[in-house]
file work11.cif (mmCIF, C-alpha atoms)
data_run
loop_
_atom_site.label_atom_id
_atom_site.label_comp_id
_atom_site.auth_asym_id
_atom_site.auth_seq_id
_atom_site.Cartn_x
_atom_site.Cartn_y
_atom_site.Cartn_z
CA MET A 812 34.67 34.47 -26.38
CA ALA A 813 31.47 33.43 -24.62
CA GLY A 814 31.89 33.53 -20.87
CA THR A 815 34.92 35.78 -20.88
CA ALA A 816 34.86 39.38 -19.78
CA VAL A 817 34.35 41.87 -22.56
CA PRO A 818 37.27 44.26 -22.47
CA GLY A 819 36.53 47.94 -22.20
CA ARG A 820 36.57 50.24 -25.15
CA LEU A 821 39.99 51.34 -26.35
CA SER A 822 39.63 55.00 -25.59
CA TRP A 823 41.38 57.84 -27.37
CA GLN A 824 44.40 58.98 -25.42
CA LEU A 825 46.52 62.07 -25.72
CA ALA A 826 49.95 61.34 -27.14
CA GLU A 827 52.71 63.95 -26.98
CA LEU A 828 55.42 63.90 -29.59
CA ALA A 829 58.71 63.39 -27.75
CA GLU A 830 61.22 62.78 -30.51
CA VAL A 831 61.62 62.64 -34.27
CA VAL A 832 64.18 60.39 -35.99
CA VAL A 833 64.94 60.84 -39.68
CA GLU A 834 65.23 57.32 -41.11
CA THR A 835 65.45 57.94 -44.87
CA PRO A 836 64.65 60.92 -47.12
CA ARG A 837 60.97 59.86 -47.12
CA VAL A 838 60.61 58.14 -43.76
CA LYS A 839 60.61 59.42 -40.18
CA THR A 840 60.07 57.77 -36.85
CA ILE A 841 57.88 59.76 -34.50
CA VAL A 842 58.13 58.77 -30.86
CA PHE A 843 55.19 59.58 -28.60
CA ASP A 844 54.81 59.64 -24.88
CA VAL A 845 51.41 58.17 -24.02
CA PRO A 846 50.62 58.39 -20.29
CA GLY A 847 48.79 55.26 -19.20
CA TRP A 848 49.85 53.25 -22.26
CA PRO A 849 48.89 49.64 -21.43
CA SER A 850 51.94 48.16 -23.24
CA HIS A 851 51.75 46.24 -26.51
CA ARG A 852 52.93 43.17 -28.38
CA ALA A 853 55.23 43.23 -31.40
CA GLY A 854 53.25 43.53 -34.62
CA GLN A 855 50.29 45.44 -33.19
CA HIS A 856 49.15 48.81 -34.50
CA VAL A 857 47.49 51.99 -33.28
CA ASP A 858 44.85 54.26 -34.69
CA ILE A 859 45.59 57.95 -34.68
CA ARG A 860 43.04 60.74 -34.99
CA LEU A 861 43.75 64.28 -36.15
CA THR A 862 41.27 67.10 -35.69
CA ALA A 863 41.25 70.37 -37.65
CA GLU A 864 40.15 73.73 -36.19
CA ASP A 865 36.70 73.33 -37.74
CA GLY A 866 36.17 69.90 -36.21
CA TYR A 867 37.00 67.87 -39.33
CA GLN A 868 38.73 64.64 -38.38
CA ALA A 869 40.93 62.10 -40.08
CA GLU A 870 41.83 58.66 -38.72
CA ARG A 871 44.54 56.28 -39.88
CA SER A 872 46.22 53.09 -38.65
CA PHE A 873 49.99 52.77 -38.16
CA SER A 874 52.12 49.83 -37.10
CA ILE A 875 54.07 50.23 -33.89
CA ALA A 876 57.82 50.17 -34.53
CA SER A 877 59.06 49.92 -30.97
CA ALA A 878 59.24 47.10 -28.46
CA ALA A 879 57.12 47.63 -25.36
CA ASP A 880 58.89 50.36 -23.37
CA GLY A 881 56.82 52.02 -20.67
CA THR A 882 54.81 54.92 -22.02
CA ARG A 883 56.90 55.32 -25.19
CA VAL A 884 55.30 54.37 -28.53
CA ALA A 885 57.26 54.80 -31.78
CA LEU A 886 55.61 54.91 -35.19
CA THR A 887 57.59 54.95 -38.41
CA VAL A 888 55.80 56.84 -41.16
CA GLN A 889 56.56 57.06 -44.85
CA LYS A 890 55.51 60.35 -46.38
CA ILE A 891 53.08 59.80 -49.22
CA GLU A 892 53.11 62.75 -51.63
CA GLY A 893 49.64 64.28 -51.74
CA GLY A 894 48.57 62.22 -48.74
CA GLU A 895 46.30 63.68 -46.10
CA VAL A 896 47.88 62.41 -42.90
CA SER A 897 51.46 61.24 -43.53
CA PRO A 898 52.77 64.68 -44.68
CA TYR A 899 51.32 66.19 -41.50
CA LEU A 900 52.95 63.57 -39.28
CA THR A 901 56.33 63.75 -41.00
CA GLU A 902 56.58 67.48 -41.82
CA GLU A 903 54.30 69.48 -39.54
CA LEU A 904 54.27 67.74 -36.18
CA ARG A 905 56.82 69.10 -33.66
CA PRO A 906 58.00 67.79 -30.28
CA GLY A 907 55.49 68.88 -27.66
CA ASP A 908 52.55 68.68 -30.08
CA LYS A 909 49.71 66.42 -29.05
CA ILE A 910 47.59 64.10 -31.14
CA GLU A 911 45.03 61.46 -30.21
CA LEU A 912 45.84 57.79 -30.36
CA ARG A 913 44.20 54.52 -29.37
CA GLY A 914 45.45 50.99 -29.15
CA PRO A 915 47.14 48.62 -29.13
CA ILE A 916 45.13 46.85 -31.83
CA GLY A 917 45.34 43.44 -33.47
CA GLY A 918 45.80 39.94 -32.11
CA TYR A 919 47.01 37.94 -35.13
CA PHE A 920 50.03 39.54 -36.79
CA VAL A 921 51.91 39.47 -33.49
CA TRP A 922 54.96 37.66 -32.16
CA GLU A 923 56.24 37.02 -28.68
CA PRO A 924 59.60 35.56 -27.66
CA SER A 925 57.85 32.67 -25.90
CA GLU A 926 56.67 31.33 -29.26
CA ARG A 927 58.77 28.43 -30.47
CA GLY A 928 60.24 27.70 -33.85
CA PRO A 929 62.58 29.72 -36.05
CA LEU A 930 61.36 33.09 -37.19
CA MET A 931 61.36 34.27 -40.77
CA LEU A 932 60.59 37.91 -41.47
CA VAL A 933 60.12 39.20 -45.01
CA ALA A 934 59.77 42.94 -45.49
CA GLY A 935 59.12 45.11 -48.51
CA GLY A 936 59.89 48.82 -48.03
CA SER A 937 58.09 50.31 -45.04
CA GLY A 938 56.64 46.84 -44.38
CA ILE A 939 59.71 46.50 -42.16
CA VAL A 940 58.00 48.49 -39.38
CA PRO A 941 55.99 45.80 -37.51
CA LEU A 942 58.80 43.30 -38.17
CA MET A 943 61.28 45.70 -36.58
CA ALA A 944 59.07 45.70 -33.49
CA MET A 945 59.54 41.91 -33.42
CA ILE A 946 63.33 42.20 -33.82
CA ARG A 947 63.51 44.84 -31.09
CA THR A 948 61.27 42.78 -28.81
CA ARG A 949 63.50 39.76 -29.36
CA GLU A 950 66.56 41.87 -28.52
CA ALA A 951 65.00 43.49 -25.46
CA ALA A 952 64.02 40.09 -24.10
CA GLY A 953 67.53 38.70 -24.64
CA ASP A 954 65.84 36.05 -26.78
CA ASP A 955 67.97 33.97 -29.16
CA THR A 956 65.27 32.55 -31.45
CA GLU A 957 66.89 31.77 -34.82
CA THR A 958 65.67 34.68 -36.92
CA VAL A 959 66.23 35.72 -40.49
CA LEU A 960 65.09 39.02 -41.94
CA LEU A 961 64.90 39.28 -45.72
CA TYR A 962 64.38 42.94 -46.46
CA SER A 963 63.70 44.36 -49.92
CA SER A 964 64.41 48.04 -50.56
CA ARG A 965 64.85 50.09 -53.71
CA SER A 966 68.31 51.32 -52.80
CA ARG A 967 70.70 51.47 -49.86
CA ASP A 968 69.45 54.94 -48.98
CA ASP A 969 65.89 53.63 -48.72
CA VAL A 970 66.78 51.04 -46.08
CA ILE A 971 64.95 51.98 -42.88
CA TYR A 972 66.76 51.20 -39.57
CA ARG A 973 69.93 50.37 -41.53
CA ASP A 974 72.48 51.00 -38.79
CA GLU A 975 70.39 49.44 -36.04
CA LEU A 976 69.84 46.29 -38.09
CA GLU A 977 73.57 46.02 -38.62
CA ARG A 978 74.19 46.47 -34.92
CA LEU A 979 71.59 43.87 -33.91
CA SER A 980 72.81 41.23 -36.36
CA GLY A 981 74.36 38.15 -34.78
CA ASN A 982 73.17 36.18 -31.76
CA GLY A 983 70.92 34.18 -34.06
CA LEU A 984 69.68 37.14 -36.13
CA ALA A 985 70.67 37.22 -39.81
CA VAL A 986 69.76 40.28 -41.87
CA VAL A 987 69.75 39.89 -45.66
CA HIS A 988 69.09 42.84 -47.92
CA ALA A 989 67.78 42.82 -51.47
CA LEU A 990 68.27 46.14 -53.30
CA THR A 991 65.99 46.12 -56.31
CA ASP A 992 66.62 49.37 -58.17
CA SER A 993 70.17 50.51 -57.49
CA GLN A 994 73.10 49.09 -55.59
CA PRO A 995 76.17 50.79 -54.12
CA PRO A 996 79.56 50.10 -55.75
CA GLY A 997 80.90 46.72 -54.75
CA TRP A 998 77.47 45.39 -53.66
CA THR A 999 77.61 41.61 -53.45
CA GLY A 1000 74.13 41.04 -52.04
CA TYR A 1001 70.88 40.42 -53.86
CA ALA A 1002 70.06 42.93 -56.58
CA ARG A 1003 66.62 41.74 -57.60
CA ARG A 1004 63.11 41.38 -56.27
CA VAL A 1005 62.42 38.70 -53.68
CA ASP A 1006 61.62 35.39 -55.40
CA ALA A 1007 61.25 31.71 -54.52
CA GLU A 1008 64.93 30.97 -55.11
CA MET A 1009 65.97 33.75 -52.76
CA LEU A 1010 63.47 32.66 -50.08
CA ALA A 1011 64.81 29.10 -50.31
CA GLU A 1012 68.42 30.27 -50.02
CA VAL A 1013 67.84 32.61 -47.11
CA GLY A 1014 65.05 31.09 -45.09
CA PRO A 1015 64.61 28.03 -42.91
CA ARG A 1016 63.43 24.90 -44.70
CA PRO A 1017 59.72 24.06 -44.40
CA ALA A 1018 60.66 21.03 -42.28
CA GLU A 1019 61.96 23.41 -39.62
CA ARG A 1020 58.42 24.78 -39.34
CA PRO A 1021 59.33 28.46 -39.18
CA ARG A 1022 56.87 31.13 -38.20
CA VAL A 1023 56.71 33.48 -41.15
CA TYR A 1024 55.65 37.12 -41.12
CA ALA A 1025 55.53 39.03 -44.41
CA CYS A 1026 54.66 42.71 -44.66
CA GLY A 1027 54.83 45.16 -47.54
CA PRO A 1028 52.96 46.46 -50.57
CA THR A 1029 50.22 44.13 -51.82
CA PRO A 1030 52.00 42.80 -54.94
CA PHE A 1031 55.14 42.14 -52.87
CA VAL A 1032 53.29 40.17 -50.20
CA GLU A 1033 51.24 38.28 -52.80
CA ALA A 1034 54.45 37.17 -54.54
CA VAL A 1035 56.25 36.26 -51.32
CA ALA A 1036 53.36 34.31 -49.80
CA GLU A 1037 52.71 32.43 -53.02
CA ALA A 1038 56.39 31.50 -53.38
CA LEU A 1039 56.56 30.32 -49.77
CA VAL A 1040 53.53 28.08 -50.23
CA ARG A 1041 55.08 26.71 -53.41
CA LEU A 1042 58.28 25.94 -51.49
CA GLY A 1043 56.23 23.80 -49.13
CA HIS A 1044 55.64 26.10 -46.17
CA ASP A 1045 52.39 25.63 -44.26
CA PRO A 1046 49.99 28.38 -45.40
CA LEU A 1047 48.64 28.65 -41.86
CA ALA A 1048 52.15 29.47 -40.56
CA ILE A 1049 52.46 32.44 -42.94
CA LYS A 1050 51.05 35.63 -41.49
CA THR A 1051 50.74 38.57 -43.82
CA GLU A 1052 50.04 42.26 -43.73
CA ARG A 1053 49.54 44.10 -47.00
CA PHE A 1054 49.19 47.77 -47.77
CA GLY A 1055 48.23 49.72 -50.84
CA PRO A 1056 46.35 48.71 -53.99
CA THR A 1057 46.76 45.55 -56.04
CA GLY A 1058 48.48 47.49 -58.79
CA ARG A 1059 46.11 46.15 -61.43
CA MET B 1429 39.19 55.77 -14.62
CA PRO B 1430 37.95 58.96 -16.27
CA PRO B 1431 37.84 58.83 -20.05
CA LYS B 1432 40.94 60.39 -21.53
CA ALA B 1433 40.64 62.89 -24.32
CA ALA B 1434 36.88 62.42 -24.47
CA LYS B 1435 36.61 65.70 -26.33
CA PRO B 1436 38.54 65.81 -29.57
CA VAL B 1437 41.75 67.79 -29.31
CA VAL B 1438 42.63 70.10 -32.18
CA SER B 1439 45.86 69.04 -33.85
CA ARG B 1440 47.95 72.17 -34.33
CA GLY B 1441 48.39 72.97 -37.99
CA PHE B 1442 46.21 70.14 -39.29
CA ARG B 1443 43.78 71.23 -41.97
CA GLY B 1444 42.91 67.93 -43.58
CA ARG B 1445 41.72 67.37 -47.07
CA ARG B 1446 38.02 66.86 -47.42
CA ALA B 1447 36.98 65.05 -50.55
CA ALA B 1448 35.08 67.83 -52.30
CA ASP B 1449 33.03 65.52 -54.48
CA VAL B 1450 31.85 63.17 -51.72
CA ASP B 1451 28.60 63.57 -49.81
CA PRO B 1452 29.78 63.43 -46.15
CA ALA B 1453 26.56 61.59 -45.26
CA ARG B 1454 27.87 58.59 -47.20
CA LEU B 1455 31.00 58.26 -45.07
CA PRO B 1456 30.82 56.49 -41.70
CA PRO B 1457 32.81 58.13 -38.88
CA GLY B 1458 36.59 57.89 -39.18
CA GLN B 1459 36.53 56.73 -42.82
CA TYR B 1460 38.14 58.31 -45.89
CA VAL B 1461 37.42 57.72 -49.56
CA THR B 1462 39.94 55.84 -51.67
CA ARG B 1463 39.95 55.31 -55.42
CA ASP B 1464 42.29 52.34 -55.06
CA PHE B 1465 41.22 48.91 -53.94
CA PRO B 1466 43.51 47.99 -51.03
CA VAL B 1467 43.87 44.35 -49.97
CA LEU B 1468 43.73 43.04 -46.42
CA SER B 1469 44.31 39.34 -45.87
CA ALA B 1470 45.81 37.52 -42.92
CA GLY B 1471 47.66 34.90 -44.96
CA PRO B 1472 48.53 33.65 -48.43
CA THR B 1473 45.91 33.95 -51.15
CA PRO B 1474 44.36 30.50 -51.76
CA HIS B 1475 43.92 29.26 -55.31
CA THR B 1476 41.14 26.68 -55.58
CA SER B 1477 40.38 25.41 -59.07
CA LEU B 1478 36.79 25.78 -60.21
CA GLU B 1479 36.54 22.00 -60.71
CA LEU B 1480 37.15 21.52 -56.97
CA TRP B 1481 35.13 24.53 -55.82
CA ASP B 1482 31.72 24.12 -54.28
CA PHE B 1483 29.47 26.17 -52.06
CA SER B 1484 27.60 24.57 -49.21
CA ILE B 1485 25.11 25.47 -46.53
CA VAL B 1486 25.56 23.35 -43.42
CA GLY B 1487 24.77 23.33 -39.72
CA GLU B 1488 21.32 23.57 -38.23
CA LEU B 1489 19.11 22.75 -41.17
CA ASP B 1490 17.22 19.66 -42.31
CA GLU B 1491 19.40 18.86 -45.26
CA PRO B 1492 22.72 20.45 -46.17
CA ARG B 1493 22.89 22.04 -49.59
CA LYS B 1494 25.75 22.08 -52.03
CA TRP B 1495 26.37 23.65 -55.43
CA THR B 1496 29.22 23.00 -57.82
CA TRP B 1497 30.68 26.05 -59.57
CA GLU B 1498 28.54 25.29 -62.63
CA GLU B 1499 25.39 24.90 -60.57
CA PHE B 1500 26.18 28.04 -58.59
CA ARG B 1501 26.72 30.07 -61.76
CA ALA B 1502 23.43 28.82 -63.15
CA LEU B 1503 21.55 30.47 -60.27
CA PRO B 1504 19.95 33.83 -60.96
CA SER B 1505 22.40 36.64 -60.33
CA GLU B 1506 22.12 40.39 -60.13
CA GLU B 1507 24.27 43.51 -60.39
CA ILE B 1508 24.88 45.20 -57.04
CA THR B 1509 26.19 48.76 -56.58
CA ARG B 1510 27.16 49.62 -53.03
CA ASP B 1511 29.62 51.60 -50.92
CA ILE B 1512 32.07 49.43 -48.97
CA HIS B 1513 33.86 50.31 -45.74
CA CYS B 1514 37.05 48.68 -44.48
CA VAL B 1515 37.91 48.74 -40.76
CA ASN B 1516 41.35 49.96 -41.83
CA LYS B 1517 39.67 53.35 -42.54
CA TRP B 1518 39.17 53.35 -46.30
CA SER B 1519 35.80 53.43 -47.98
CA LYS B 1520 35.17 52.88 -51.64
CA LEU B 1521 32.01 54.29 -53.13
CA ASP B 1522 29.74 52.86 -55.80
CA THR B 1523 31.53 49.57 -56.19
CA VAL B 1524 29.82 47.35 -58.76
CA TRP B 1525 29.58 43.59 -58.29
CA ARG B 1526 27.69 40.67 -59.77
CA GLY B 1527 26.52 37.81 -57.62
CA VAL B 1528 23.82 35.58 -56.20
CA SER B 1529 21.64 36.88 -53.39
CA VAL B 1530 21.94 34.94 -50.13
CA ASP B 1531 18.12 34.89 -50.18
CA THR B 1532 18.31 32.75 -53.31
CA LEU B 1533 20.73 30.34 -51.62
CA LEU B 1534 18.62 30.05 -48.47
CA GLU B 1535 15.29 29.77 -50.28
CA GLY B 1536 13.05 27.13 -48.71
CA ILE B 1537 15.52 26.35 -45.91
CA GLU B 1538 14.03 25.86 -42.48
CA THR B 1539 16.46 26.60 -39.68
CA SER B 1540 16.23 27.21 -35.96
CA GLY B 1541 19.66 28.87 -36.12
CA GLY B 1542 19.72 32.61 -35.65
CA TYR B 1543 23.43 33.00 -36.45
CA VAL B 1544 25.63 32.30 -39.43
CA THR B 1545 29.34 31.71 -39.92
CA GLN B 1546 30.84 32.33 -43.34
CA PHE B 1547 33.70 29.90 -43.98
CA SER B 1548 36.42 30.13 -46.60
CA ASP B 1549 39.38 28.47 -48.23
CA GLY B 1550 42.42 29.20 -46.07
CA GLY B 1551 40.42 28.73 -42.87
CA TYR B 1552 38.95 32.23 -42.55
CA THR B 1553 35.62 32.60 -40.76
CA THR B 1554 33.36 35.51 -39.81
CA ASN B 1555 30.05 35.57 -37.94
CA LEU B 1556 26.83 37.57 -38.08
CA PRO B 1557 23.23 37.22 -36.98
CA LEU B 1558 21.38 35.45 -39.80
CA GLU B 1559 19.03 38.39 -40.21
CA ASP B 1560 21.98 40.56 -41.26
CA ILE B 1561 22.60 38.55 -44.42
CA THR B 1562 18.97 37.99 -45.48
CA ALA B 1563 16.27 40.19 -47.02
CA GLY B 1564 18.51 41.75 -49.66
CA LYS B 1565 21.50 42.46 -47.40
CA ALA B 1566 24.12 40.02 -48.73
CA TRP B 1567 25.37 38.31 -51.87
CA VAL B 1568 27.93 35.75 -52.96
CA VAL B 1569 29.68 37.71 -55.70
CA PHE B 1570 31.87 36.39 -58.52
CA ALA B 1571 32.52 39.52 -60.57
CA TYR B 1572 33.84 42.99 -59.80
CA GLY B 1573 32.99 45.51 -62.46
CA ASP B 1574 32.78 43.44 -65.61
CA GLU B 1575 35.69 41.18 -64.69
CA PRO B 1576 35.86 37.87 -62.85
CA LEU B 1577 36.83 38.53 -59.24
CA GLU B 1578 40.63 38.47 -58.85
CA PRO B 1579 42.10 36.02 -56.30
CA GLU B 1580 43.57 38.88 -54.19
CA HIS B 1581 40.07 40.30 -53.79
CA GLY B 1582 38.53 36.96 -52.91
CA GLY B 1583 37.97 35.22 -56.23
CA PRO B 1584 36.53 33.03 -57.48
CA ALA B 1585 33.75 34.11 -55.11
CA ARG B 1586 33.43 36.20 -51.96
CA MET B 1587 30.66 37.43 -49.71
CA LEU B 1588 29.40 40.97 -49.99
CA VAL B 1589 27.71 42.31 -46.86
CA PRO B 1590 28.09 46.03 -47.47
CA ARG B 1591 26.30 47.21 -44.32
CA HIS B 1592 29.18 45.91 -42.20
CA TYR B 1593 32.90 46.54 -42.14
CA PHE B 1594 34.40 44.61 -45.00
CA TRP B 1595 36.01 41.86 -42.88
CA LYS B 1596 32.40 40.63 -42.51
CA SER B 1597 32.48 39.93 -46.27
CA ALA B 1598 34.62 36.77 -46.41
CA LYS B 1599 36.96 36.30 -49.35
CA TRP B 1600 37.30 32.84 -50.98
CA ILE B 1601 33.94 31.86 -49.51
CA ARG B 1602 33.00 28.18 -49.57
CA GLY B 1603 29.84 28.17 -47.53
CA LEU B 1604 27.60 29.22 -44.67
CA ARG B 1605 27.16 27.40 -41.38
CA LEU B 1606 23.93 28.05 -39.50
CA HIS B 1607 23.99 27.97 -35.69
CA SER B 1608 21.66 28.65 -32.80
CA THR B 1609 24.53 30.34 -30.92
CA ASP B 1610 26.80 33.17 -32.00
CA GLU B 1611 30.32 31.90 -32.68
CA PRO B 1612 32.93 34.65 -33.10
CA GLY B 1613 35.07 34.20 -36.21
CA PHE B 1614 38.71 34.94 -37.09
CA TRP B 1615 39.02 38.68 -36.52
CA GLU B 1616 36.25 38.62 -33.94
CA THR B 1617 38.55 36.51 -31.73
CA ASN B 1618 41.57 38.66 -32.57
CA GLY B 1619 40.50 41.95 -31.07
CA TYR B 1620 37.88 43.13 -33.55
CA HIS B 1621 34.25 43.91 -32.86
CA ASN B 1622 31.73 41.07 -32.94
CA TYR B 1623 29.16 42.95 -35.01
CA GLY B 1624 31.16 45.55 -36.97
CA ASP B 1625 28.66 48.27 -37.82
CA PRO B 1626 30.64 51.08 -39.52
CA TRP B 1627 27.97 53.66 -38.71
CA GLN B 1628 28.45 52.94 -34.98
CA GLU B 1629 32.23 52.78 -35.54
CA GLN B 1630 32.34 49.27 -34.07
CA ARG B 1631 35.92 48.55 -35.06
CA TYR B 1632 37.40 46.81 -32.04
CA GLN B 1633 36.21 44.83 -29.04
CA GLY B 1634 34.49 47.16 -26.64
CA ASP B 1635 33.62 49.82 -29.26
#

call {"tool": "encode", "arguments": {"input": "work11.cif", "output": "structure tokens"}}
result
Amino acid sequence: MAGTAVPGRLSWQLAELAEVVVETPRVKTIVFDVPGWPSHRAGQHVDIRLTAEDGYQAERSFSIASAADGTRVALTVQKIEGGEVSPYLTEELRPGDKIELRGPIGGYFVWEPSERGPLMLVAGGSGIVPLMAMIRTREAAGDDTETVLLYSSRSRDDVIYRDELERLSGNGLAVVHALTDSQPPGWTGYARRVDAEMLAEVGPRPAERPRVYACGPTPFVEAVAEALVRLGHDPLAIKTERFGPTGR
Amino acid sequence: MPPKAAKPVVSRGFRGRRAADVDPARLPPGQYVTRDFPVLSAGPTPHTSLELWDFSIVGELDEPRKWTWEEFRALPSEEITRDIHCVNKWSKLDTVWRGVSVDTLLEGIETSGGYVTQFSDGGYTTNLPLEDITAGKAWVVFAYGDEPLEPEHGGPARMLVPRHYFWKSAKWIRGLRLHSTDEPGFWETNGYHNYGDPWQEQRYQGD
């Protein structure tokens, strides 16, 4: 970066909760209005900071769920039982409340419609969030990049953005669900964890040089990325974001 | 433009949950303690066999150095207990590692380079001033607890530079490149701070 201007500090900004959307029994989308928001790219995240009466503070990072849209910034948060921050964001926060936020952050796990090549998105659970920002950005731009989303959830009721994904399907976007734990009557889709066979059936071939984004719990992303490499995809074309422990 | 929200704003109804058994002086600003060991990696986990693994020191020095896995493991190693701090907000206290001090690897090397780039399988790089990985500040570790380092956590060997955010401790390390100029690495060119001192909360560019 030598010779380029050093950007200013990302300062904390006041964000007012404008809207709450219930996505699943454990997941809500909280939409903030952030005056002066500098816009963002799909896949980026924000830091939020909460302050208690006695000055104690907690910071966490959350992926942005929305496409760039003026001063609106949507985060989708899964409530973690016993967590410090997610129960507050999903249960306590009311429209009109203000929290502090800074961003957008991250320059690698991002996608823009101008990028070429088919797009392959692989989500596990709430790992859908930054990938949904990509799908929404694609839609908002009227972009027709061949895109496939392979989305693993425990059950139909755990599928975040279910109706919107159905609505956005078509025009080059294919949405494929895998329901790992329970399936509704008559389910003909995948009923197992994502594996190499499934990735080969659903995704573009390595020769098509897709851009791959995988996001989810650590063991999920480890398995997906390893299978993709084994199928012959270029490791450098596979961008990953993991959350949670290794499970070992 | 005046700074926005320069003074912290109380979040209505937020009480927080302070870790009762943690000395607050051990936690850098904005961090919380986790008992888990989360994983942050930008791509697939590489798997290099030990027969093909080597560790090299290259760049501005008289003669590059290289160790095979066997040679590397024959170097004197030590147990290291340190707190680690990830830019993604979690800190993990009293982590126990085993590895070779960077001082051992650099012993007898004459270099005019004041900067170092760690380079890894998978193409990852990260940069620091050389003085931040010498004099007992950094190790190449191959064990976590009593177990060989798992691939997800950087095995067979990773750097450990506990004074910096953990992205400055490269997983799957294969060597050090010495330079006379500072060359920002992977995250340093993707929006993250060039130096990454957790105690100054240097998370992102401009912090």

call {"tool": "residues_around", "arguments": {"input": "work11.cif", "residues": "Gln1630 of chain B", "least_positions_apart": "3", "cutoff": "10 Å", "atoms": "all atoms listed in the file", "output": "PyMOL selection string"}}
result
(chain A and resi 820) or (chain B and resi 1515+1592-1593+1620-1627+1633-1635)

call {"tool": "resolve_selection", "arguments": {"input": "work11.cif", "expression": "the PyMOL selection byres ((chain A) within 8 of (chain B))", "output": "VMD selection string"}}
result
chain A and resid 812 817 to 825 861 to 864 866 to 872 895 to 896 899 903 to 904 908 to 911 916 to 920 1029 1033 1036 to 1037 1040 1046 to 1047 1049 to 1057

call {"tool": "residues_around", "arguments": {"input": "work11.cif", "residues": "Val959 of chain A", "least_positions_apart": "2", "cutoff": "9 Å", "atoms": "all atoms listed in the file", "output": "ChimeraX atom specification"}}
result
/A:929-933,957,961,983-987,1013-1015

call {"tool": "closest_residue", "arguments": {"input": "work11.cif", "among": "B:His1513, B:Arg1602, B:His1607, B:Lys1565", "to": "Trp1497 of chain B", "atoms": "all atoms listed in the file"}}
result
B:Arg1602

call {"tool": "atom_distance", "arguments": {"input": "work11.cif", "atom1": "atom CA of Ile1485 of chain B", "atom2": "atom CA of Val1530 of chain B"}}
result
10.6 Å

call {"tool": "atom_distance", "arguments": {"input": "work11.cif", "atom1": "atom CA of Arg1605 of chain B", "atom2": "atom CA of Asp1490 of chain B"}}
result
12.6 Å
